[in-house]
$ cat protein-v8.csv   # CSV, C-alpha atoms
chain,number,residue,atom,x,y,z
A,289,THR,CA,-51.9,136.5,-104.9
A,290,THR,CA,-48.4,136.4,-106.4
A,291,TRP,CA,-46.3,139.6,-106.3
A,292,ALA,CA,-43.3,140.0,-108.6
A,293,LYS,CA,-41.1,142.7,-110.0
A,294,SER,CA,-42.4,141.9,-113.5
A,295,GLN,CA,-45.4,139.9,-114.9
A,296,SER,CA,-45.9,138.4,-118.3
A,297,THR,CA,-48.8,136.9,-120.2
A,298,LYS,CA,-49.3,135.5,-123.7
A,299,VAL,CA,-52.0,137.1,-125.8
A,300,THR,CA,-53.6,135.2,-128.7
A,301,ALA,CA,-56.4,136.4,-131.0
A,302,SER,CA,-58.4,134.1,-133.3
A,303,GLY,CA,-61.3,134.3,-135.7
A,304,THR,CA,-62.3,134.5,-139.3
A,305,ASN,CA,-60.6,137.3,-141.3
A,306,LEU,CA,-58.6,138.5,-138.3
A,307,ASN,CA,-56.9,141.9,-139.0
A,308,ALA,CA,-53.4,141.3,-137.7
A,309,SER,CA,-52.5,145.0,-137.8
A,310,SER,CA,-55.4,145.8,-135.4
A,311,LEU,CA,-53.9,144.0,-132.4
A,312,LYS,CA,-53.2,146.4,-129.6
A,313,TYR,CA,-52.9,146.4,-125.8
A,314,THR,CA,-52.6,148.7,-122.8
A,315,TRP,CA,-52.1,148.3,-119.0
A,316,VAL,CA,-54.6,149.9,-116.6
A,317,THR,CA,-54.5,150.2,-112.8
A,318,ALA,CA,-57.0,147.8,-111.3
A,319,GLY,CA,-60.1,149.6,-110.1
A,320,SER,CA,-59.8,152.3,-112.8
A,321,THR,CA,-62.3,152.8,-115.6
A,322,ALA,CA,-61.9,150.4,-118.5
A,323,PRO,CA,-60.0,151.9,-121.4
A,324,THR,CA,-61.8,153.2,-124.5
A,325,GLU,CA,-60.9,151.7,-127.9
A,326,SER,CA,-59.0,154.8,-128.9
A,327,SER,CA,-56.8,154.6,-125.8
A,328,ILE,CA,-55.6,151.1,-126.5
A,329,ARG,CA,-52.6,152.0,-128.7
A,330,THR,CA,-49.6,149.7,-128.3
A,331,SER,CA,-49.3,147.1,-131.1
A,332,PHE,CA,-48.4,143.4,-130.6
A,333,THR,CA,-48.1,140.4,-132.8
A,334,ASN,CA,-50.5,137.5,-132.4
A,335,GLY,CA,-49.3,135.0,-129.8
A,336,GLN,CA,-46.8,137.5,-128.3
A,337,THR,CA,-45.8,137.4,-124.6
A,338,ILE,CA,-46.4,140.8,-123.1
A,339,THR,CA,-44.4,141.9,-120.1
A,340,LYS,CA,-44.9,144.7,-117.6
A,341,SER,CA,-41.8,145.4,-115.4
A,342,THR,CA,-42.3,148.9,-114.2
A,343,GLY,CA,-44.5,150.5,-111.5
A,344,THR,CA,-45.9,149.2,-108.3
A,345,GLY,CA,-49.5,148.1,-107.8
A,346,GLN,CA,-52.3,146.0,-109.2
A,347,PHE,CA,-52.7,146.1,-113.0
A,348,ILE,CA,-55.0,144.7,-115.7
A,349,LEU,CA,-54.0,144.1,-119.3
A,350,TYR,CA,-56.5,145.0,-122.0
A,351,ALA,CA,-56.1,143.7,-125.5
A,352,LEU,CA,-58.0,144.7,-128.7
A,353,ALA,CA,-58.6,142.8,-131.9
A,354,LYS,CA,-60.6,143.5,-135.1
A,355,ASP,CA,-61.5,141.5,-138.1
A,356,THR,CA,-61.4,142.9,-141.7
A,357,SER,CA,-65.1,143.9,-141.4
A,358,GLY,CA,-64.3,146.1,-138.4
A,359,ASN,CA,-65.9,143.9,-135.7
A,360,THR,CA,-64.1,144.7,-132.5
A,361,THR,CA,-63.3,142.7,-129.4
A,362,ILE,CA,-61.7,144.1,-126.2
A,363,ALA,CA,-60.6,141.4,-123.7
A,364,ASN,CA,-59.0,141.8,-120.3
A,365,SER,CA,-56.8,139.7,-118.0
A,366,SER,CA,-57.1,139.0,-114.4
A,367,ILE,CA,-55.2,141.2,-112.0
A,368,PHE,CA,-51.4,141.2,-112.0
A,369,TYR,CA,-49.5,142.2,-108.8
A,370,ILE,CA,-46.3,144.1,-109.5
A,371,ASP,CA,-43.9,145.5,-106.9
A,372,ASN,CA,-40.8,147.6,-107.8
A,373,THR,CA,-40.7,149.6,-104.5
A,374,VAL,CA,-38.0,148.7,-102.0
A,375,PRO,CA,-39.0,147.9,-98.4
A,376,LYS,CA,-37.9,150.4,-95.7
A,377,VAL,CA,-35.7,150.1,-92.6
A,378,THR,CA,-35.8,153.2,-90.4
A,379,VAL,CA,-34.0,154.0,-87.1
A,380,SER,CA,-34.7,156.4,-84.3
A,381,PRO,CA,-32.5,158.2,-83.2
A,382,THR,CA,-30.0,158.0,-86.1
A,383,THR,CA,-27.1,159.5,-84.1
A,384,GLY,CA,-26.1,161.1,-80.8
A,385,GLU,CA,-26.1,160.2,-77.2
A,386,THR,CA,-28.8,157.6,-76.4
A,387,THR,CA,-29.6,154.5,-74.3
A,388,LYS,CA,-32.2,153.2,-76.6
A,389,VAL,CA,-32.9,152.8,-80.4
A,390,LYS,CA,-36.0,151.7,-82.3
A,391,ILE,CA,-35.6,149.9,-85.6
A,392,THR,CA,-38.6,149.5,-87.9
A,393,ALA,CA,-38.8,147.4,-91.1
A,394,SER,CA,-41.8,147.8,-93.3
A,395,ASP,CA,-43.2,147.2,-96.8
A,396,ASP,CA,-46.5,148.7,-98.0
A,397,ASP,CA,-46.9,146.6,-101.1
A,398,SER,CA,-46.0,142.9,-101.4
A,399,GLY,CA,-45.1,142.6,-97.8
A,400,LEU,CA,-41.8,141.6,-96.0
A,401,SER,CA,-40.3,138.2,-96.9
A,402,SER,CA,-40.6,135.5,-94.3
A,403,SER,CA,-36.9,134.6,-94.7
A,404,ASN,CA,-35.6,138.0,-93.5
A,405,SER,CA,-33.1,138.1,-90.7
A,406,TYR,CA,-33.9,141.0,-88.3
A,407,GLN,CA,-30.5,141.6,-86.7
A,408,TYR,CA,-28.4,144.6,-85.6
A,409,TYR,CA,-24.7,145.1,-84.6
A,410,PHE,CA,-23.1,147.9,-82.6
A,411,SER,CA,-19.6,148.4,-83.9
A,412,THR,CA,-16.7,150.5,-82.8
A,413,SER,CA,-15.8,151.0,-86.5
A,414,SER,CA,-17.7,152.8,-89.2
A,415,THR,CA,-16.3,150.6,-91.9
A,416,SER,CA,-16.2,147.1,-90.4
A,417,LEU,CA,-18.0,144.9,-87.8
A,418,ALA,CA,-15.8,145.2,-84.7
A,419,GLY,CA,-16.2,145.0,-80.9
A,420,GLY,CA,-19.8,143.6,-80.9
A,421,SER,CA,-22.1,140.8,-81.9
A,422,TRP,CA,-25.2,140.3,-83.9
A,423,LYS,CA,-28.5,140.6,-81.9
A,424,THR,CA,-32.1,140.2,-82.9
A,425,TYR,CA,-34.6,143.0,-82.9
A,426,THR,CA,-38.4,143.2,-83.2
A,427,SER,CA,-39.6,145.7,-85.7
A,428,GLY,CA,-41.1,148.8,-84.1
A,429,GLN,CA,-40.0,148.0,-80.6
A,430,GLU,CA,-37.3,150.0,-78.6
A,431,ILE,CA,-34.0,148.3,-77.9
A,432,THR,CA,-32.2,149.0,-74.6
A,433,ILE,CA,-28.5,149.3,-75.5
A,434,ASP,CA,-26.1,147.1,-73.6
A,435,THR,CA,-24.8,149.3,-70.7
A,436,ASN,CA,-21.4,147.7,-71.1
A,437,LEU,CA,-20.9,149.6,-74.3
A,438,GLU,CA,-19.0,152.9,-73.8
A,439,GLY,CA,-17.6,155.3,-76.3
A,440,THR,CA,-18.4,155.9,-80.0
A,441,TYR,CA,-20.3,153.2,-81.9
A,442,TYR,CA,-22.0,152.7,-85.2
A,443,LEU,CA,-25.2,150.7,-85.8
A,444,PHE,CA,-25.2,148.2,-88.6
A,445,ILE,CA,-28.5,146.5,-89.6
A,446,LYS,CA,-29.1,143.7,-92.0
A,447,THR,CA,-31.1,144.6,-95.1
A,448,VAL,CA,-34.5,143.1,-95.6
A,449,ASN,CA,-36.4,141.8,-98.7
A,450,ASP,CA,-40.0,142.0,-99.7
A,451,THR,CA,-41.8,139.0,-101.2
A,452,ALA,CA,-41.3,140.4,-104.8
A,453,GLY,CA,-37.5,140.4,-104.3
A,454,ASN,CA,-36.8,144.1,-103.7
A,455,THR,CA,-34.1,144.8,-101.1
A,456,SER,CA,-34.0,147.8,-98.6
A,457,SER,CA,-31.4,150.3,-99.6
A,458,THR,CA,-31.5,153.5,-97.5
A,459,SER,CA,-28.3,154.5,-95.8
A,460,THR,CA,-26.3,151.4,-96.7
A,461,THR,CA,-22.7,150.5,-96.8
A,462,THR,CA,-20.7,147.4,-97.9
A,463,VAL,CA,-18.6,145.4,-95.5
A,464,SER,CA,-16.8,142.3,-96.9
A,465,GLY,CA,-19.1,142.2,-99.9
A,466,THR,CA,-22.3,142.4,-97.9
A,467,ARG,CA,-24.5,145.5,-97.8
A,468,TYR,CA,-25.9,146.7,-94.4
A,469,HIS,CA,-27.8,149.8,-93.2
A,470,ARG,CA,-25.5,151.9,-91.1
A,471,TYR,CA,-26.3,154.7,-88.7
A,472,GLY,CA,-24.3,156.8,-86.2
A,473,PRO,CA,-22.1,157.8,-84.6
A,474,TYR,CA,-23.7,157.1,-81.3
A,475,GLU,CA,-22.1,158.1,-78.0
A,476,LEU,CA,-22.8,155.3,-75.5
A,477,GLY,CA,-22.2,155.1,-71.8
A,478,THR,CA,-21.6,158.8,-71.4
A,479,THR,CA,-22.8,161.0,-68.4
A,480,ASN,CA,-23.2,164.7,-67.8
A,481,SER,CA,-21.9,164.8,-64.3
A,482,GLY,CA,-18.8,166.7,-65.1
A,483,ASP,CA,-15.2,166.0,-64.0
A,484,GLU,CA,-14.4,164.9,-60.5
A,485,GLY,CA,-13.6,167.9,-58.3
A,486,GLY,CA,-14.6,170.3,-61.1
A,487,SER,CA,-17.4,172.7,-61.5
A,488,GLY,CA,-19.7,170.3,-63.4
A,489,SER,CA,-23.3,169.7,-62.3
A,490,THR,CA,-23.6,166.9,-59.6
A,491,ASN,CA,-26.3,165.2,-57.6
A,492,ASP,CA,-24.9,166.6,-54.3
A,493,THR,CA,-27.9,167.1,-51.8
A,494,ILE,CA,-25.8,167.8,-48.7
A,495,ALA,CA,-26.0,171.4,-47.6
A,496,PRO,CA,-22.9,173.3,-46.6
A,497,VAL,CA,-22.0,173.9,-43.0
A,498,VAL,CA,-21.9,177.5,-41.7
A,499,SER,CA,-20.3,178.2,-38.3
A,500,VAL,CA,-20.6,181.6,-36.6
A,501,THR,CA,-18.2,182.4,-33.7
A,502,GLN,CA,-18.1,185.5,-31.5
A,503,ASP,CA,-14.7,187.1,-30.8
$ encode --input "protein-v8.csv" --output "structure tokens"
Amino acid sequence: TTWAKSQSTKVTASGTNLNASSLKYTWVTAGSTAPTESSIRTSFTNGQTITKSTGTGQFILYALAKDTSGNTTIANSSIFYIDNTVPKVTVSPTTGETTKVKITASDDDSGLSSSNSYQYYFSTSSTSLAGGSWKTYTSGQEITIDTNLEGTYYLFIKTVNDTAGNTSSTSTTTVSGTRYHRYGPYELGTTNSGDEGGSGSTNDTIAPVVSVTQD
């Protein structure tokens, strides 16, 4: 099975007294009912290469030819696999205070390319790669964020391709000519203990001392 963003095939009709003006074709989704003669409407010239470059799925080409006596033949191709849907890269959570993130790369049609690089980068900048390094993730598994990171960070993720050549494109930005997915801001290394000596919530478990004296 070969998936592509477009598929082409050459269609040739032959026979005695072929009616060249009768040559027509149509594309049908695989598994659908075969088209009727009246529904095959797009004309082509004998020997023409017919291309389909829209849609996503499995398609069959039907071609019709008649001779001058009205004898009709309808022929069909094998299945063509076409994918014009980009793969997805999703992140949870996409912003806020967190100690973990989950990155998921997926493609429901042709499947993810074996040459993809599944990497992420926590940056102190929203417009450049700064203060971090590229690390590898496993799709669908939570990542525990480096506890040494403190402050505001942005998550950059390398785009992925499917086997048809489509590239993931949700929430992307360009850095030095390369497109990445970007999420954030994230607040890392923060606590909710309040200021020292202030009235914030603490983990104090020592009871106060009360002394009672008699005059």
$ closest_atom_pairs --input "protein-v8.csv" --of "range 318-424 of chain A" --to "range 445-453 of chain A" --cutoff "10 Å" --atoms "all atoms listed in the file" --output "JSON lines"
{"residue": "A:Tyr369", "atom": "CA", "partner": "A:Ala452", "partner_atom": "CA", "distance": 9.3}
{"residue": "A:Ile370", "atom": "CA", "partner": "A:Ala452", "partner_atom": "CA", "distance": 7.8}
{"residue": "A:Asp371", "atom": "CA", "partner": "A:Ala452", "partner_atom": "CA", "distance": 6.1}
{"residue": "A:Asn372", "atom": "CA", "partner": "A:Ala452", "partner_atom": "CA", "distance": 7.8}
{"residue": "A:Thr373", "atom": "CA", "partner": "A:Asp450", "partner_atom": "CA", "distance": 9.0}
{"residue": "A:Val374", "atom": "CA", "partner": "A:Asp450", "partner_atom": "CA", "distance": 7.4}
{"residue": "A:Pro375", "atom": "CA", "partner": "A:Asp450", "partner_atom": "CA", "distance": 6.1}
{"residue": "A:Lys376", "atom": "CA", "partner": "A:Val448", "partner_atom": "CA", "distance": 8.1}
{"residue": "A:Val377", "atom": "CA", "partner": "A:Thr447", "partner_atom": "CA", "distance": 7.6}
{"residue": "A:Thr378", "atom": "CA", "partner": "A:Ile445", "partner_atom": "CA", "distance": 9.9}
{"residue": "A:Val379", "atom": "CA", "partner": "A:Ile445", "partner_atom": "CA", "distance": 9.6}
{"residue": "A:Ile391", "atom": "CA", "partner": "A:Ile445", "partner_atom": "CA", "distance": 8.8}
{"residue": "A:Ala393", "atom": "CA", "partner": "A:Val448", "partner_atom": "CA", "distance": 7.6}
{"residue": "A:Ser394", "atom": "CA", "partner": "A:Asp450", "partner_atom": "CA", "distance": 8.8}
{"residue": "A:Asp395", "atom": "CA", "partner": "A:Asp450", "partner_atom": "CA", "distance": 6.8}
{"residue": "A:Asp396", "atom": "CA", "partner": "A:Asp450", "partner_atom": "CA", "distance": 9.5}
{"residue": "A:Asp397", "atom": "CA", "partner": "A:Asp450", "partner_atom": "CA", "distance": 8.4}
{"residue": "A:Ser398", "atom": "CA", "partner": "A:Thr451", "partner_atom": "CA", "distance": 5.7}
{"residue": "A:Gly399", "atom": "CA", "partner": "A:Asp450", "partner_atom": "CA", "distance": 5.5}
{"residue": "A:Leu400", "atom": "CA", "partner": "A:Asp450", "partner_atom": "CA", "distance": 4.1}
{"residue": "A:Ser401", "atom": "CA", "partner": "A:Thr451", "partner_atom": "CA", "distance": 4.6}
{"residue": "A:Ser402", "atom": "CA", "partner": "A:Thr451", "partner_atom": "CA", "distance": 7.8}
{"residue": "A:Ser403", "atom": "CA", "partner": "A:Asn449", "partner_atom": "CA", "distance": 8.3}
{"residue": "A:Asn404", "atom": "CA", "partner": "A:Val448", "partner_atom": "CA", "distance": 5.6}
{"residue": "A:Ser405", "atom": "CA", "partner": "A:Lys446", "partner_atom": "CA", "distance": 7.0}
{"residue": "A:Tyr406", "atom": "CA", "partner": "A:Lys446", "partner_atom": "CA", "distance": 6.6}
{"residue": "A:Gln407", "atom": "CA", "partner": "A:Lys446", "partner_atom": "CA", "distance": 5.9}
{"residue": "A:Tyr408", "atom": "CA", "partner": "A:Ile445", "partner_atom": "CA", "distance": 4.4}
{"residue": "A:Tyr409", "atom": "CA", "partner": "A:Ile445", "partner_atom": "CA", "distance": 6.4}
{"residue": "A:Phe410", "atom": "CA", "partner": "A:Ile445", "partner_atom": "CA", "distance": 9.0}
{"residue": "A:Trp422", "atom": "CA", "partner": "A:Ile445", "partner_atom": "CA", "distance": 9.0}
{"residue": "A:Lys423", "atom": "CA", "partner": "A:Ile445", "partner_atom": "CA", "distance": 9.7}
{"residue": "A:Thr424", "atom": "CA", "partner": "A:Ile445", "partner_atom": "CA", "distance": 9.9}
$ atom_distance --input "protein-v8.csv" --atom1 "CA of Leu476 in chain A" --atom2 "CA of Tyr442 in chain A"
10.1 Å
$ closest_residue --input "protein-v8.csv" --among "A:Ser366, A:Thr392, A:Thr344, A:Thr339" --to "Tyr425 in chain A" --atoms "only C-alpha atoms"
A:Thr392
$ closest_residue --input "protein-v8.csv" --among "A:Thr383, A:Ser456, A:Ser416, A:Thr304" --to "His469 in chain A" --atoms "all atoms listed in the file"
A:Ser456
$ residues_around --input "protein-v8.csv" --residues "Tyr474 in chain A" --least-positions-apart "6" --cutoff "9 Å" --atoms "all atoms listed in the file" --output "NGL selection string"
:A and (382-386 or 439-443)
$ build_atoms --input "protein-v8.csv" --residues "range 406-427 of chain A" --atoms "N, CA and C atoms" --output "tab-separated table (two decimals), in the coordinates of the input"
chain	number	residue	atom	x	y	z
A	406	TYR	N	-33.80	139.68	-88.95
A	406	TYR	CA	-33.90	141.00	-88.30
A	406	TYR	C	-32.85	141.11	-87.21
A	407	GLN	N	-31.66	141.59	-87.62
A	407	GLN	CA	-30.50	141.60	-86.70
A	407	GLN	C	-29.78	142.97	-86.81
A	408	TYR	N	-29.15	143.35	-85.70
A	408	TYR	CA	-28.40	144.60	-85.60
A	408	TYR	C	-27.03	144.32	-84.93
A	409	TYR	N	-26.09	145.26	-85.13
A	409	TYR	CA	-24.70	145.10	-84.60
A	409	TYR	C	-24.21	146.49	-84.23
A	410	PHE	N	-23.80	146.70	-82.99
A	410	PHE	CA	-23.10	147.90	-82.60
A	410	PHE	C	-21.62	147.72	-82.74
A	411	SER	N	-21.01	148.52	-83.64
A	411	SER	CA	-19.60	148.40	-83.90
A	411	SER	C	-18.79	149.59	-83.53
A	412	THR	N	-17.56	149.35	-83.12
A	412	THR	CA	-16.70	150.50	-82.80
A	412	THR	C	-16.08	151.10	-84.04
A	413	SER	N	-16.31	150.48	-85.19
A	413	SER	CA	-15.80	151.00	-86.50
A	413	SER	C	-16.95	151.38	-87.38
A	414	SER	N	-16.73	152.40	-88.20
A	414	SER	CA	-17.70	152.80	-89.20
A	414	SER	C	-17.62	152.05	-90.47
A	415	THR	N	-16.56	151.27	-90.64
A	415	THR	CA	-16.30	150.60	-91.90
A	415	THR	C	-16.23	149.07	-91.79
A	416	SER	N	-16.31	148.54	-90.57
A	416	SER	CA	-16.20	147.10	-90.40
A	416	SER	C	-17.04	146.71	-89.14
A	417	LEU	N	-17.26	145.42	-88.99
A	417	LEU	CA	-18.00	144.90	-87.80
A	417	LEU	C	-16.91	144.56	-86.75
A	418	ALA	N	-16.86	145.35	-85.68
A	418	ALA	CA	-15.80	145.20	-84.70
A	418	ALA	C	-16.35	145.48	-83.29
A	419	GLY	N	-15.94	144.68	-82.32
A	419	GLY	CA	-16.20	145.00	-80.90
A	419	GLY	C	-17.64	144.66	-80.48
A	420	GLY	N	-18.39	143.89	-81.26
A	420	GLY	CA	-19.80	143.60	-80.90
A	420	GLY	C	-20.21	142.24	-81.34
A	421	SER	N	-21.51	142.03	-81.42
A	421	SER	CA	-22.10	140.80	-81.90
A	421	SER	C	-23.46	141.03	-82.47
A	422	TRP	N	-23.91	140.14	-83.35
A	422	TRP	CA	-25.20	140.30	-83.90
A	422	TRP	C	-26.31	139.96	-82.91
A	423	LYS	N	-27.33	140.81	-82.85
A	423	LYS	CA	-28.50	140.60	-81.90
A	423	LYS	C	-29.77	140.79	-82.72
A	424	THR	N	-30.82	140.17	-82.24
A	424	THR	CA	-32.10	140.20	-82.90
A	424	THR	C	-32.97	141.35	-82.39
A	425	TYR	N	-33.69	142.00	-83.29
A	425	TYR	CA	-34.60	143.00	-82.90
A	425	TYR	C	-36.04	142.69	-83.37
A	426	THR	N	-37.02	143.27	-82.72
A	426	THR	CA	-38.40	143.20	-83.20
A	426	THR	C	-38.81	144.51	-83.76
A	427	SER	N	-39.28	144.48	-84.99
A	427	SER	CA	-39.60	145.70	-85.70
A	427	SER	C	-40.57	146.59	-84.92
